[in-house]
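Working notes for the structure below.
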Amino acid sequence: MGADDGPISADQVDIRLQPLNKSGAADSADPNGVEEDAGDQIQLRVYRQRWIVLLTVALLNNTNTMSWIGYAPSGNYVNSFYGESSAAWLSMIYMLCTIPVGLFAMWAGREWGLRTAILIAGWTNGIGAVIRVISSLDFVPPEWRFPICMTGQGIAAVAYPFIMFLPTKVAGSWFPDTQRAIATTIGVMSNPLGVLMANLISPAIVKSPDHVIWLNIFTCVPSLIAMLIATFGVNRSEPKIPPTFSASKPQMDFVSGMKSCFSSKQYIILLIVMGGGIGMFNCLYTVMLELLCPSGYTNFFSGVCAALMIVGGVFGAAASGIFVDRTKLYEETLKISLGAAVIFGLIFLQLTLHQGLSVFLAITCLFFGVLGLATYPIGLELASECTFPVSEATSTGLIVLSGQIQSVIYVFIMKNFARPLQPDRMHIQKCQLTPDDLVNTPKDNTMSIMIFSLLATLLVLSLVLLFKPVYKRLEAERGNRATADKAKELSNQNKDRITLPTESAVQPLQEK
């Protein structure tokens with residue numbers, strides 16, 4: 001074709017050329033063909049910065065959780081310092097704040113972006129920690145200690161709704177599909193790691209009511225560090241080039257996403273079941289000491305049980321995250337793990353009613369943690385799969401919000417269905433600091449445990465029998481990958497073709 005040739009017409013013919021050498025016509029391509037289409041394929045890229053963003057989210061989650069649960073393992077001393085039932089209220093305020101703030105946080109996370117959510121979480125978490133320290137200083141009158149501490153705890157509690165959807169949001173926006181589950185696991189498991197640290201360190205620090213200030217300082221310092229990293233370490237909400245096809249797709253607005261979530265039967269089942277699982281874990285963290293001390297178990301042993309639960313959960317969640325990243329068996333892993341976790345959880349609750357069973361309690365706590373917390377990141381990833389292209393801020397946020405609502409319900413059940421401890425068991429209890437202690441009253445939790453166990457059984461049966469998810473996000477990515485592969489194959493086939501006008505093409509001999 002010469003330089004004067006006009007545009008290629010519909011009558012032009014593709015003629016396949018046989019390559020004469022390795023370089024020959026290999027670079028030739030149809031100017032209007034698949035080569036150009038292949039170039040239009042979405043570019044994908046992963047950035048090292050994704051680990052900084054994930055580390056920031058994990059640190060925020062960890063420090064905020066320590067602030068939430070840190071008072072519970074030393075509840076009897078905290079009650080003596082701040083007032084009767086103060087330890088329970090300082091934990092409960094997190095659950096109560098999540099409910100009204102949660103919907104706003106989900107909207108803000110969708111509309112304002114990931115970085116804004118991280119900044120709000122970092123600053124409210126840090127400011128709340130400073131106010132808690134102030135509440136325990138010597139110059140503060142005793143009657144003002146609890147209101148000031150509750151104010152700081154309430155401000156820190158505002159951070160949690162902004163943190164709750166961040167792990168899946170970071171995983172979906174910054175990580176490739178082969179690392180999403182493990183990224184979610186890292187972000188999510190920093191929460192129970194905070195519970196672990198609180199349950200180990202809080203009883204070790206607080207040996208008397210006057211030591212509560214050291215607990216407040218212990219939670220304040222890392223909260224301020226997390227605030228600074230959030231402020232200066234994260235400079236954008238999303239990478240310039242997305243890591244996956246699903247990350248490049250526009251997500252639904254907040255209202256449309258909410259409607260889509262509540263129109264999905266499978267998501268509603270996951271919302272109730274995963275919310276129930278989160279609620280039950282939160283409840284056990286909050287009332288662990290109250291469950292164990294009536295049967296003669298100490299604050300230290302309560303902390304050990306919670307620690308074993310979390311240590312087991314870290315390993316279980318890491319293993320499940322790696323497993324589902326490789327196999328994509330989200331549904332099967334969730335059902336098996338949650339079913340087995342409920343069995344060990346019910347055994348643990350029954351054992352708390354008896355004394356002298358420390359070894360068995362520790363073993364059941366470990367297995368309950370391994371299996372139970374393994375379901376947490378998987379469930380949140382499944383929420384994103386079932387509702388794609390709904391924003392992860394909405395699908396994950398609703399599940400965590402459901403967990404906080406159910407946490408309040410389960411704590412209410414555990415506290416209001418408990419009965420006074422029988423007089424013949426008072427000599428073994430370890431709840432009261434002194435024989436005349438009227439603040440820390442031991443309870444018989446038999447009825448509470450029965451109701452709790454029944455609800456847990458109903459939740460796992462609902463999941464196993466009714467939950468049949470469709471992996472919408474994975475299907476979209478597989479479809480895009482298949483299209484890209486086909487385009488690449490066609491492009492390679494057309495690299496050794498040229499196009500000639502029909503009048504230049506060689507015509508076959510015609511017999512006359």
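Going through the structure tokens in order, the chains are called A, B, and so on, while each chain numbers its residues from 1 and the ligands are numbered from 1 in the order shown.
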
I'd like the neighbourhood of Phe412 (chain A) as a PyMOL selection string, where a residue qualifies if any of its atoms comes within 12 Å (using only C-alpha atoms), though same-chain residues fewer than 3 positions away should be ignored.
chain A and resi 88-89+92+95+279-280+283+286-287+405-409+415-418+448+451-452

Those residues you just picked out, can you put them in a file as a compact mmCIF listing (two decimals), in the first residue's frame with C-alpha atoms?
```txt
# COMPACT_ATOMS: atom_id res chain seq x y z
CA ALA A 88 -20.07 -1.99 81.86
CA TRP A 89 -21.24 1.46 80.75
CA MET A 92 -21.63 -0.27 76.36
CA MET A 95 -22.29 -0.22 71.11
CA GLY A 279 -22.61 -9.40 68.85
CA MET A 280 -21.94 -12.60 70.74
CA CYS A 283 -20.85 -9.69 74.61
CA THR A 286 -17.65 -7.52 77.90
CA VAL A 287 -18.98 -10.02 80.47
CA ILE A 405 -27.20 -3.68 67.85
CA GLN A 406 -27.15 -7.38 68.68
CA SER A 407 -24.29 -6.78 71.14
CA VAL A 408 -26.58 -4.54 73.17
CA ILE A 409 -29.29 -7.21 73.07
CA LYS A 415 -27.23 -9.07 82.73
CA ASN A 416 -31.02 -9.06 83.15
CA PHE A 417 -31.60 -12.80 83.20
CA ALA A 418 -28.83 -13.37 85.75
CA SER A 448 -28.73 -16.14 80.69
CA ILE A 451 -31.03 -18.14 76.26
CA PHE A 452 -27.68 -17.16 74.77
```

Within region 73-245 of chain A, find each residue whose DSSP state, derived from the backbone, is alpha helix (DSSP H), and express the selection as an NGL selection string.
:A and (75-82 or 86-111 or 114-135 or 142-163 or 166-174 or 180-205 or 212-233 or 245)

What separates CA of Cys220 (chain A) and CA of Tyr94 (chain A) is a distance of 16.7 Å

Tell me which of A:Met426, A:Ile363, A:Leu90, A:Leu60 sits closest to Pro222 (chain A), counting only C-alpha atoms.
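Ranked by minimum distance to Pro222 (chain A), first place goes to A:Leu60.
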
Just the residues within 7 Å of region 193-200 of chain A, please, counting only C-alpha atoms, with nothing from its chain fewer than 2 positions along; format it as a PyMOL selection string.
chain A and resi 62-63+65-66+69-70+73+189-191+202-204+303-304+306-307+310

Counting only C-alpha atoms, which of A:Glu290, A:Asp325, A:Glu332, A:Glu477 gets nearest to Gln429 (chain A)?
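Closest to Gln429 (chain A) of all the choices is A:Glu290.
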
Which residue gives the smallest distance to Phe360 (chain A) among A:Phe315, A:Phe348, A:Phe323, A:Tyr47, with only C-alpha atoms counted?
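The answer is A:Phe348, which sits nearest to Phe360 (chain A).
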
Option closest in space to Thr434 (chain A), from A:Phe245, A:Trp174, A:Phe367, A:Tyr77 [counting only C-alpha atoms]:
A:Tyr77

May I have all residues of region 357-447 of chain A that DSSP, computed from the backbone, assigns to strand (DSSP E), given as a PyMOL selection string?
chain A and resi 419-420+443-444

Which is closer to Ile449 (chain A) than all the others in A:Leu291, A:Met227, A:Val255, A:Val101, using only C-alpha atoms?
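Counting only C-alpha atoms, the residue closest to Ile449 (chain A) is A:Leu291.
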
With a distance cut-off of 12 Å and only C-alpha atoms, select the neighbouring residues of Ile186 (chain A), excluding the residue or stretch itself and same-chain residues fewer than 2 positions from it, and output the selection as an MDAnalysis selection string.
chainID A and resid 51 53:59 61:62 166:168 170:171 179:184 188:193 313:322 374 376:378

Give me, please, the distance in Å between CA of Cys293 (chain A) and CA of Lys430 (chain A), quoted to one decimal.
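It comes out at 4.9 Å.
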